[in-house]
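A quick write-up on the structure given underneath.
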Amino acid sequence: MKFTLSWLKEYLDTDADLTTITDTLTAIGLELEGVEDPGEKFAPFKVAYVESAEKHPDADKLRVCQVNTGEEVLQVVCGAPNARTGMKGIFAPVGSYVPGTDLWLKKGNIRGQESNGMLVSEREMGLSDDHEGIIDLPEDTPVGTPFTQIYGMDDPVIDIGLTPDRSDCTGVYGIARDLAAAGLGTLKPIDTTPVKGMGDCPIDVDLQTPDTCPHFVGRLVRGVKNGPSPDWLQKQLKAVGLRPISALVDITNFFSMAYGRPLHVYDADKLSGNIHVRLAEAGETLDALNDKSYTLAGGETAICDDSGVIGLGGIVGGTSTGSEEDTVNVFIEAAYFDPMSTARTGRDHGIISDARYRFERGVDPDFTQVGMELATKMVLELCGGEASEILIAGKKPDATRTIDFDPAYTEKLAGVSIDAGKQKQILETLGFTFKGNTASVPSWRVDVEGKADLVEEVVRIYGFDNIAPVSVRSEGAVTASAETKTQMRTRLARTALAARGLNECVTWSFMSKELAGSFGSNDNSLTLSNPISSELDQMRPSILPNLIQAAGKNADRGTPNAALFEVGPAFQSVKADGQQIVAAGIRHGSVSSKHWSGADASRDIDLMDVKADAIAALEAAGAPAANLQVSRDAPDYYHPGRSGTLRLGKFVLAQFGDLHPAVLEDMDIKGPVCGFEVFLEAIPDAKKKGSAKPLLKLSAFQPVERDFAFIVDENVEADNIIRAAKGADKDLITDVDVFDVYQGKGVDEGKKSVAINVIMQPKEQTMTDSEIDGLSQKIIAAVTSKTGGVLRG
């Protein structure tokens with residue numbers, strides 16, 4: 001929506017400068033798109049005097065002019081037929097941009113004569129299509145006068161971005177109303193005194209489609225003289241990008257821009273009989289004023305006379321009845337057209353017009369007759385003539401709406417405390433009226449429907465900047481119930497897996513019944529009775545098959561090394577507890593990494609990769625990763641010797657490992673493929689709120705490392721040795737790692753040697769040799785007791 005600063009001040013009595021106005025517009029929700037100051041754009045163009053204009057020695061149609069700019073005399077070669085000695089015109093110097101021709105001027109040489117700039121025409125300056133000659137100014141025009149001052153184009157043009165709900169601001173008057181409410185001046189009243197008509201309107205209007213056009217106001221003005229509109233009106237329209245056509249047409253464009261009230265004018269002598277507003281029939285045609293022809297599909301709101309369709313209601317008029325320079329009798333239309341019908345017709349036929357822009361957003365139904373009176377006054381002032389009485393067909397839509405006003409609701413909804421009297425004052429300035437605690441909505445605010453809308457109006461005028469900021473990380477910013485425990489775990493696990501380089505997928509919650517059987521589904525109740533595909537007829541018991549298939553498709557397309565995950569439901573039965581939220585992932589192919597020497601250090605993925613993925617997801621979701629136990633009871637679709645589960649006592653929190661070769665063969669997937677499944681809802685809650693361990697604090701004392709090697713039975717798991725060693729002293733022992741497992745010479749058959757590294761971290765004082773030896777003996781005793789192992793000699 002564009003308008004000039006002077007146009008705004010015709011309706012707003014204010015001393016505010018341009019910057020204050022534009023800042024306030026954005027602050028109240030009418031976001032500033034930009035400000036175009038023609039004074040800057042056309043600064044190089046000024047009035048110059050042609051001291052001489054001699055015929056070019058080598059060209060009959062060119063003249064060599066000596067042009068006095070007020071600062072210097074420059075030679076300019078000009079081809080305009082009206083270039084002459086003693087004239088004054090607009091001079092464009094070298095380096096300036098000529099908008100009408102999209103040309104940057106350079107110093108040139110035309111047939112042997114130097115040319116420094118040019119004398120411009122109206123078309124070259126974007127003023128009109130006239131290019132028969134250069135601009136010829138009155139003799140008394142001072143040399144050096146800026147071009148913008150001569151043509152009244154020194155008025156800044158403000159451009160705001162309107163949201164679709166603010167139809168009241170599709171006119172400059174509505175914008176002035178908002179600024180006045182924001183304290184930036186006083187809204188000037190409109191003189192709505194009716195024009196006294198002379199006799200009844202001889203043209204009747206028949207409304208046959210009240211749903212799409214319930215209200216139509218018309219008036220005949222006889223004896224008008226149509227011609228160019230006055231300079232002030234042309235300048236206003238040109239400033240906002242509209243081309244002046246004639247006084248009658250320019251008046252209708254003015255009302256659209258000034259008041260958001262589209263009008264249309266018909267040459268009354270071209271009308272065949274009366275006007276009928278009806279739904280169009282399929283196949284009817286319209287030659288429109290936008291120089292296009294349309295074949296109607298049927299159902300459009302058509303403005304017709306006895307000859308047929310002469311316009312599309314609220315969108316565009318037709319050429320057959322359009323006003324022209326010789327129009328003497330004009331019929332003015334001010335009607336209300338249904339927003340939905342208007343939008344549908346415009347969209348179906350691809351017609352974009354200023355009228356459609358306003359009607360489809362909803363114009364003020366109470367302004368229809370007022371707009372007619374104002375338009376009649378302007379027609380009489382600019383074109384003369386004699387107006388008939390107003391003709392009213394139909395009934396204006398009832399725009400009456402009331403809303404209970406509760407000042408306390410503003411603080412509850414927006415979090416800002418505003419005095420009740422101040423709230424009421426803001427709303428009254430915007431046009432709302434009150435009867436007790438009931439607010440009546442003004443007819444032009446078609447977007448205000450409920451109590452929340454009243455709050456929005458109060459707060460935007462009061463100022464969003466006056467609302468105290470609240471951190472999104474604050475405990476009070478979001479209620480405790482806004483995110484469930486499962487939602488939180490899902491979000492944290494998703495973030496952790498993405499951070500480990502896995503790509504998130506979203507797959508179907510179904511798969512083929514045969515594939516589901518390979519992943520543990522034996523419940524026929526999970527078979528779909530009406531599947532979308534024969535290959536998607538069973539609810540998925542696991543997310544892994546879908547991810548494996550996705551990896552296979554990637555490999556077929558030249559991307560063999562996939563790392564994929566999904567967080568979603570898996571289904572074991574139709575019972576209430578038969579669905580669980582699982583974070584599942586797979587790694588396929590190899591992991592490639594470049595060594596500093598340039599050698600390719602790629603390797604096949606293995607179960608340790610997916611074990612790390614599962615632990616990362618568990619840890620992020622709040623599971624005590626340090627207490628996890630590893631067991632070998634993974635489901636059958638995992639490799640029996642290369643898989644495991646992560647558990648806390650009897651609770652299985654995750655399972656991981658290589659996928660079974662037979663499963664991969666059935667799915668026609670070449671390995672290796674490793675996967676994991678984390679059961680987010682199985683993670684136990686923390687025993688106490690706020691019992692999380694504090695962040696690790698570096699000790700001031702030197703840690704102590706000791707290595708131990710134990711001979712144990714070959715079926716003893718390393719994890720049992722680690723847990724036994726850690727249990728010897730949980731305060732001093734901070735880490736235990738296995739660094740060697742050996743079977744062979746020197747170790748009895750059926751036995752193995754497991755070497756561990758233990759880190760002891762003193763907290764209060766440096767450990768003495770005797771304390772280190774004592775703790776070492778406790779470690780040996782604990783491992784011996786728990787695993788049956790002995791210290792290797």
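By convention here, the chains of the structure tokens are called A, B, ... in the order presented, each chain's residues are numbered starting at 1, and ligands are numbered starting at 1 in the order presented.
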Open item on the list: I'd like the contact shell of Ala27 (chain A) - 12 Å cut-off, only C-alpha atoms, skipping same-chain residues fewer than 6 positions apart - returned as an MDAnalysis selection string.
Closed with: chainID A and resid 20:21 160 178:179 182 459:466
Task: Within 8 Å of Gln369 (chain A) using only C-alpha atoms, minus same-chain residues under 3 positions, as an NGL selection string - done: :A and (217 or 334 or 366 or 372-373)
Open item on the list: If we count only C-alpha atoms and set the cut-off at 7 Å, which residues sit around Leu312 (chain A), ignoring sequence neighbours fewer than 4 positions away in its own chain? Please answer as a ChimeraX atom specification.
Closed with: /A:301-303,316-317
Open item on the list: Taking 4 positions as the minimum chain separation for residues in the same chain, which residues sit within 8 Å of region 653-664 of chain A when counting only C-alpha atoms? Answer as a ChimeraX atom specification.
Closed with: /A:518,606-608,610-611,614,618,634,636-640,642-648,668-680,682-683
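The closest residue to Cys383 (chain A), picked from A:Pro262, A:Phe405, A:Leu492, A:Asp250 and counting only C-alpha atoms, is A:Asp250.
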Task: Contacts of region 198-203 of chain A within 6 Å, only C-alpha atoms, excl. fewer than 3 positions in-chain, as a list of chain:residue names - done: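 Listed by chain and then number, they are A:Leu220, A:Asn274, A:Ser388, A:Glu389.
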Open item on the list: Just the number, please: distance in Å from CA of Val738 (chain A) to CA of Ile756 (chain A), one decimal.
Closed with: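 Taking CA of Val738 (chain A) as the start and CA of Ile756 (chain A) as the end point, the length is 4.4 Å.
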TODO: Run DSSP on the backbone and grab whatever in region 146-367 of chain A lands in strand (DSSP E or B); send it over as a count of residues only.
DONE: 56
May I have the residues within 12 Å of Thr507 (chain A) as an mmCIF file with all heavy atoms, in the first residue's frame, using only C-alpha atoms and disregarding those fewer than 2 positions away in the same chain?
```cif
data_model
loop_
_atom_site.group_PDB
_atom_site.id
_atom_site.type_symbol
_atom_site.label_atom_id
_atom_site.label_comp_id
_atom_site.auth_asym_id
_atom_site.auth_seq_id
_atom_site.Cartn_x
_atom_site.Cartn_y
_atom_site.Cartn_z
ATOM 1 N N GLU A 504 17.801 -37.953 9.852
ATOM 2 C CA GLU A 504 16.476 -38.349 10.301
ATOM 3 C C GLU A 504 15.571 -38.699 9.122
ATOM 4 O O GLU A 504 15.592 -38.027 8.092
ATOM 5 C CB GLU A 504 15.837 -37.236 11.133
ATOM 6 C CG GLU A 504 14.512 -37.650 11.740
ATOM 7 C CD GLU A 504 13.946 -36.636 12.707
ATOM 8 O OE1 GLU A 504 14.494 -35.515 12.778
ATOM 9 O OE2 GLU A 504 12.951 -36.953 13.385
ATOM 10 N N CYS A 505 14.782 -39.731 9.301
ATOM 11 C CA CYS A 505 13.821 -40.170 8.293
ATOM 12 C C CYS A 505 12.415 -40.152 8.890
ATOM 13 O O CYS A 505 12.241 -40.210 10.106
ATOM 14 C CB CYS A 505 14.132 -41.591 7.822
ATOM 15 S SG CYS A 505 15.722 -41.784 7.026
ATOM 16 N N SER A 509 4.163 -46.138 8.928
ATOM 17 C CA SER A 509 3.986 -46.943 10.139
ATOM 18 C C SER A 509 3.516 -48.352 9.801
ATOM 19 O O SER A 509 3.112 -49.093 10.689
ATOM 20 C CB SER A 509 2.959 -46.270 11.073
ATOM 21 O OG SER A 509 3.473 -45.067 11.576
ATOM 22 N N PHE A 510 3.562 -48.713 8.497
ATOM 23 C CA PHE A 510 3.168 -50.064 8.075
ATOM 24 C C PHE A 510 4.287 -50.679 7.247
ATOM 25 O O PHE A 510 5.212 -50.009 6.795
ATOM 26 C CB PHE A 510 1.886 -50.048 7.225
ATOM 27 C CG PHE A 510 1.066 -48.807 7.324
ATOM 28 C CD1 PHE A 510 1.028 -47.886 6.285
ATOM 29 C CD2 PHE A 510 0.321 -48.551 8.453
ATOM 30 C CE1 PHE A 510 0.265 -46.735 6.361
ATOM 31 C CE2 PHE A 510 -0.451 -47.402 8.541
ATOM 32 C CZ PHE A 510 -0.472 -46.494 7.505
ATOM 33 N N MET A 511 4.155 -51.967 7.036
ATOM 34 C CA MET A 511 5.060 -52.712 6.154
ATOM 35 C C MET A 511 4.346 -53.984 5.731
ATOM 36 O O MET A 511 3.200 -54.242 6.146
ATOM 37 C CB MET A 511 6.372 -53.036 6.879
ATOM 38 C CG MET A 511 6.204 -53.847 8.142
ATOM 39 S SD MET A 511 7.760 -54.135 9.011
ATOM 40 C CE MET A 511 8.304 -52.489 9.314
ATOM 41 N N LEU A 536 1.870 -52.793 2.229
ATOM 42 C CA LEU A 536 1.802 -52.042 3.489
ATOM 43 C C LEU A 536 0.554 -52.471 4.255
ATOM 44 O O LEU A 536 -0.333 -51.672 4.533
ATOM 45 C CB LEU A 536 1.775 -50.535 3.206
ATOM 46 C CG LEU A 536 2.976 -49.932 2.467
ATOM 47 C CD1 LEU A 536 2.694 -48.482 2.088
ATOM 48 C CD2 LEU A 536 4.238 -50.021 3.317
ATOM 49 N N ARG A 540 3.868 -51.788 11.802
ATOM 50 C CA ARG A 540 5.273 -52.165 11.958
ATOM 51 C C ARG A 540 5.604 -52.548 13.404
ATOM 52 O O ARG A 540 5.294 -51.806 14.343
ATOM 53 C CB ARG A 540 6.183 -51.029 11.518
ATOM 54 C CG ARG A 540 6.092 -49.769 12.370
ATOM 55 C CD ARG A 540 6.964 -48.662 11.810
ATOM 56 N NE ARG A 540 6.927 -47.456 12.644
ATOM 57 C CZ ARG A 540 7.429 -46.280 12.294
ATOM 58 N NH1 ARG A 540 8.008 -46.138 11.101
ATOM 59 N NH2 ARG A 540 7.381 -45.255 13.106
ATOM 60 N N SER A 542 8.715 -52.930 14.295
ATOM 61 C CA SER A 542 10.011 -52.292 14.497
ATOM 62 C C SER A 542 10.203 -51.259 13.392
ATOM 63 O O SER A 542 9.685 -51.413 12.274
ATOM 64 C CB SER A 542 11.137 -53.324 14.460
ATOM 65 O OG SER A 542 12.406 -52.691 14.397
ATOM 66 N N ILE A 543 10.951 -50.196 13.704
ATOM 67 C CA ILE A 543 11.245 -49.177 12.696
ATOM 68 C C ILE A 543 12.407 -49.613 11.806
ATOM 69 O O ILE A 543 12.556 -49.142 10.669
ATOM 70 C CB ILE A 543 11.573 -47.830 13.391
ATOM 71 C CG1 ILE A 543 10.388 -47.376 14.241
ATOM 72 C CG2 ILE A 543 11.928 -46.741 12.385
ATOM 73 C CD1 ILE A 543 10.648 -46.121 15.050
ATOM 74 N N LEU A 544 13.216 -50.559 12.278
ATOM 75 C CA LEU A 544 14.436 -50.948 11.557
ATOM 76 C C LEU A 544 14.190 -51.379 10.109
ATOM 77 O O LEU A 544 14.946 -50.982 9.210
ATOM 78 C CB LEU A 544 15.166 -52.059 12.321
ATOM 79 C CG LEU A 544 15.797 -51.660 13.667
ATOM 80 C CD1 LEU A 544 16.479 -52.869 14.306
ATOM 81 C CD2 LEU A 544 16.793 -50.528 13.474
ATOM 82 N N PRO A 545 13.167 -52.209 9.805
ATOM 83 C CA PRO A 545 12.999 -52.639 8.407
ATOM 84 C C PRO A 545 12.832 -51.473 7.435
ATOM 85 O O PRO A 545 13.390 -51.492 6.328
ATOM 86 C CB PRO A 545 11.732 -53.504 8.456
ATOM 87 C CG PRO A 545 11.636 -53.959 9.865
ATOM 88 C CD PRO A 545 12.182 -52.848 10.698
ATOM 89 N N ASN A 546 12.069 -50.450 7.845
ATOM 90 C CA ASN A 546 11.875 -49.305 6.957
ATOM 91 C C ASN A 546 13.196 -48.565 6.716
ATOM 92 O O ASN A 546 13.481 -48.109 5.605
ATOM 93 C CB ASN A 546 10.848 -48.342 7.561
ATOM 94 C CG ASN A 546 9.446 -48.924 7.552
ATOM 95 O OD1 ASN A 546 9.190 -49.916 6.877
ATOM 96 N ND2 ASN A 546 8.540 -48.322 8.297
ATOM 97 N N LEU A 547 13.998 -48.441 7.764
ATOM 98 C CA LEU A 547 15.291 -47.763 7.624
ATOM 99 C C LEU A 547 16.246 -48.592 6.764
ATOM 100 O O LEU A 547 17.007 -48.043 5.949
ATOM 101 C CB LEU A 547 15.901 -47.506 9.001
ATOM 102 C CG LEU A 547 15.112 -46.566 9.924
ATOM 103 C CD1 LEU A 547 15.812 -46.436 11.270
ATOM 104 C CD2 LEU A 547 14.943 -45.193 9.281
ATOM 105 N N ILE A 548 16.200 -49.907 6.916
ATOM 106 C CA ILE A 548 17.061 -50.781 6.110
ATOM 107 C C ILE A 548 16.682 -50.675 4.640
ATOM 108 O O ILE A 548 17.555 -50.601 3.756
ATOM 109 C CB ILE A 548 16.964 -52.241 6.611
ATOM 110 C CG1 ILE A 548 17.527 -52.360 8.038
ATOM 111 C CG2 ILE A 548 17.715 -53.190 5.680
ATOM 112 C CD1 ILE A 548 17.248 -53.698 8.700
ATOM 113 N N GLN A 549 15.373 -50.672 4.354
ATOM 114 C CA GLN A 549 14.941 -50.520 2.965
ATOM 115 C C GLN A 549 15.384 -49.177 2.394
ATOM 116 O O GLN A 549 15.800 -49.079 1.237
ATOM 117 C CB GLN A 549 13.422 -50.659 2.884
ATOM 118 C CG GLN A 549 12.925 -52.086 3.087
ATOM 119 C CD GLN A 549 11.415 -52.180 3.038
ATOM 120 O OE1 GLN A 549 10.713 -51.252 3.441
ATOM 121 N NE2 GLN A 549 10.898 -53.311 2.555
ATOM 122 N N ALA A 550 15.306 -48.125 3.207
ATOM 123 C CA ALA A 550 15.749 -46.807 2.755
ATOM 124 C C ALA A 550 17.243 -46.817 2.453
ATOM 125 O O ALA A 550 17.697 -46.240 1.455
ATOM 126 C CB ALA A 550 15.427 -45.752 3.812
ATOM 127 N N LEU A 564 21.029 -43.607 9.221
ATOM 128 C CA LEU A 564 19.650 -43.115 9.278
ATOM 129 C C LEU A 564 19.030 -43.393 10.647
ATOM 130 O O LEU A 564 19.378 -44.382 11.299
ATOM 131 C CB LEU A 564 18.800 -43.783 8.200
ATOM 132 C CG LEU A 564 19.350 -43.781 6.770
ATOM 133 C CD1 LEU A 564 18.452 -44.616 5.868
ATOM 134 C CD2 LEU A 564 19.475 -42.361 6.244
ATOM 135 N N PHE A 565 18.109 -42.525 11.058
ATOM 136 C CA PHE A 565 17.366 -42.796 12.287
ATOM 137 C C PHE A 565 15.954 -42.240 12.174
ATOM 138 O O PHE A 565 15.665 -41.376 11.347
ATOM 139 C CB PHE A 565 18.068 -42.208 13.517
ATOM 140 C CG PHE A 565 17.814 -40.738 13.736
ATOM 141 C CD1 PHE A 565 16.803 -40.303 14.584
ATOM 142 C CD2 PHE A 565 18.599 -39.778 13.105
ATOM 143 C CE1 PHE A 565 16.564 -38.954 14.795
ATOM 144 C CE2 PHE A 565 18.372 -38.420 13.306
ATOM 145 C CZ PHE A 565 17.345 -38.004 14.156
ATOM 146 N N GLU A 566 15.076 -42.761 13.002
ATOM 147 C CA GLU A 566 13.705 -42.270 13.096
ATOM 148 C C GLU A 566 13.236 -42.445 14.522
ATOM 149 O O GLU A 566 13.575 -43.430 15.188
ATOM 150 C CB GLU A 566 12.789 -43.031 12.140
ATOM 151 C CG GLU A 566 11.331 -42.555 12.204
ATOM 152 C CD GLU A 566 10.413 -43.265 11.213
ATOM 153 O OE1 GLU A 566 10.912 -44.079 10.409
ATOM 154 O OE2 GLU A 566 9.195 -42.998 11.240
ATOM 155 N N VAL A 567 12.461 -41.470 14.999
ATOM 156 C CA VAL A 567 11.830 -41.583 16.310
ATOM 157 C C VAL A 567 10.335 -41.635 16.085
ATOM 158 O O VAL A 567 9.754 -40.712 15.503
ATOM 159 C CB VAL A 567 12.190 -40.397 17.215
ATOM 160 C CG1 VAL A 567 11.569 -40.590 18.598
ATOM 161 C CG2 VAL A 567 13.701 -40.251 17.340
ATOM 162 N N GLY A 568 9.715 -42.744 16.502
ATOM 163 C CA GLY A 568 8.291 -42.901 16.252
ATOM 164 C C GLY A 568 7.757 -44.147 16.917
ATOM 165 O O GLY A 568 8.458 -44.832 17.678
ATOM 166 N N PRO A 569 6.493 -44.489 16.630
ATOM 167 C CA PRO A 569 5.866 -45.636 17.290
ATOM 168 C C PRO A 569 6.218 -46.962 16.620
ATOM 169 O O PRO A 569 6.404 -47.038 15.409
ATOM 170 C CB PRO A 569 4.375 -45.341 17.156
ATOM 171 C CG PRO A 569 4.279 -44.547 15.884
ATOM 172 C CD PRO A 569 5.533 -43.735 15.799
ATOM 173 N N ALA A 570 6.307 -47.996 17.446
ATOM 174 C CA ALA A 570 6.391 -49.381 16.974
ATOM 175 C C ALA A 570 5.265 -50.139 17.675
ATOM 176 O O ALA A 570 4.908 -49.834 18.813
ATOM 177 C CB ALA A 570 7.744 -49.983 17.290
ATOM 178 N N ALA A 584 15.067 -45.411 16.765
ATOM 179 C CA ALA A 584 15.783 -46.491 16.086
ATOM 180 C C ALA A 584 16.688 -45.919 15.013
ATOM 181 O O ALA A 584 16.403 -44.874 14.423
ATOM 182 C CB ALA A 584 14.794 -47.476 15.466
#
```
Compile the contact shell of region 14-19 of chain A as a CSV table (one decimal) with N, CA and C atoms, in the first residue's frame: residues with an atom at most 8 Å away, counting only C-alpha atoms, same-chain residues fewer than 2 positions apart removed.
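Below is the file out_31.csv, written as the result:
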```
chain,number,residue,atom,x,y,z
A,5,LEU,N,3.4,11.4,1.8
A,5,LEU,CA,3.4,12.0,3.1
A,5,LEU,C,2.3,13.2,3.1
A,9,LYS,N,-1.2,13.6,5.3
A,9,LYS,CA,-1.5,14.8,6.1
A,9,LYS,C,-2.8,15.5,5.7
A,12,LEU,N,-4.6,13.6,8.4
A,12,LEU,CA,-4.0,13.6,9.8
A,12,LEU,C,-3.4,14.9,10.1
A,21,ILE,N,6.8,9.1,11.7
A,21,ILE,CA,5.7,8.5,11.2
A,21,ILE,C,6.0,7.0,10.7
A,22,THR,N,7.1,6.8,10.0
A,22,THR,CA,7.4,5.5,9.5
A,22,THR,C,7.7,4.5,10.7
A,23,ASP,N,8.4,5.0,11.7
A,23,ASP,CA,8.7,4.2,12.9
A,23,ASP,C,7.4,3.8,13.6
A,184,LEU,N,-0.2,10.3,17.3
A,184,LEU,CA,0.6,11.0,16.3
A,184,LEU,C,-0.1,12.2,15.7
A,185,GLY,N,-1.2,12.6,16.2
A,185,GLY,CA,-2.0,13.7,15.7
A,185,GLY,C,-3.5,13.5,15.8
A,186,THR,N,-4.2,14.3,15.1
A,186,THR,CA,-5.7,14.2,15.2
A,186,THR,C,-6.2,13.9,13.8
```
- [ ] Go through A:Asp269, A:Asp37, A:Asp129, A:Asp204 one by one, measure the shortest atom-to-atom distance of each to Pro244 (chain A) using only C-alpha atoms, and give the residue with the smallest value.
- [x] A:Asp129
Contact table region 719-759 of chain A vs region 781-788 of chain A, cut-off 8 Å, shortest pair per residue, only C-alpha atoms, as JSON lines:
```
{"residue": "A:Asn720", "atom": "CA", "partner": "A:Thr787", "partner_atom": "CA", "distance": 7.1}
{"residue": "A:Ile721", "atom": "CA", "partner": "A:Val783", "partner_atom": "CA", "distance": 6.0}
{"residue": "A:Ala724", "atom": "CA", "partner": "A:Val783", "partner_atom": "CA", "distance": 5.2}
{"residue": "A:Ala725", "atom": "CA", "partner": "A:Val783", "partner_atom": "CA", "distance": 6.0}
{"residue": "A:Gly727", "atom": "CA", "partner": "A:Ala782", "partner_atom": "CA", "distance": 7.4}
{"residue": "A:Ala728", "atom": "CA", "partner": "A:Ala782", "partner_atom": "CA", "distance": 6.0}
```
Output N, CA, C and O atoms for every residue in that selection, as a tab-separated table (two decimals), in the first residue's frame.
```
chain	number	residue	atom	x	y	z
A	720	ASN	N	31.58	-57.35	33.62
A	720	ASN	CA	31.51	-57.78	35.02
A	720	ASN	C	32.79	-57.41	35.76
A	720	ASN	O	32.77	-57.03	36.93
A	721	ILE	N	33.93	-57.54	35.06
A	721	ILE	CA	35.21	-57.18	35.68
A	721	ILE	C	35.25	-55.67	35.94
A	721	ILE	O	35.69	-55.22	37.01
A	724	ALA	N	33.03	-54.79	38.90
A	724	ALA	CA	33.63	-55.23	40.17
A	724	ALA	C	34.74	-54.28	40.60
A	724	ALA	O	34.83	-53.90	41.78
A	725	ALA	N	35.56	-53.86	39.64
A	725	ALA	CA	36.65	-52.95	39.98
A	725	ALA	C	36.12	-51.60	40.43
A	725	ALA	O	36.61	-51.02	41.41
A	727	GLY	N	33.32	-51.00	41.84
A	727	GLY	CA	32.65	-51.15	43.12
A	727	GLY	C	33.58	-51.21	44.31
A	727	GLY	O	33.12	-51.10	45.44
A	728	ALA	N	34.86	-51.36	44.07
A	728	ALA	CA	35.81	-51.44	45.19
A	728	ALA	C	35.84	-50.13	45.97
A	728	ALA	O	36.00	-50.13	47.20
```
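Picture a line from CA of Gln579 (chain A) to CA of Pro531 (chain A); it runs 19.2 Å.
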- [ ] Would you please work out which residue, of A:His56, A:His276, A:Tyr151, A:Ala268, is nearest to Gln234 (chain A) when using only C-alpha atoms?
- [x]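 Comparing A:His56, A:His276, A:Tyr151, A:Ala268 against Gln234 (chain A), the winner is A:Tyr151.
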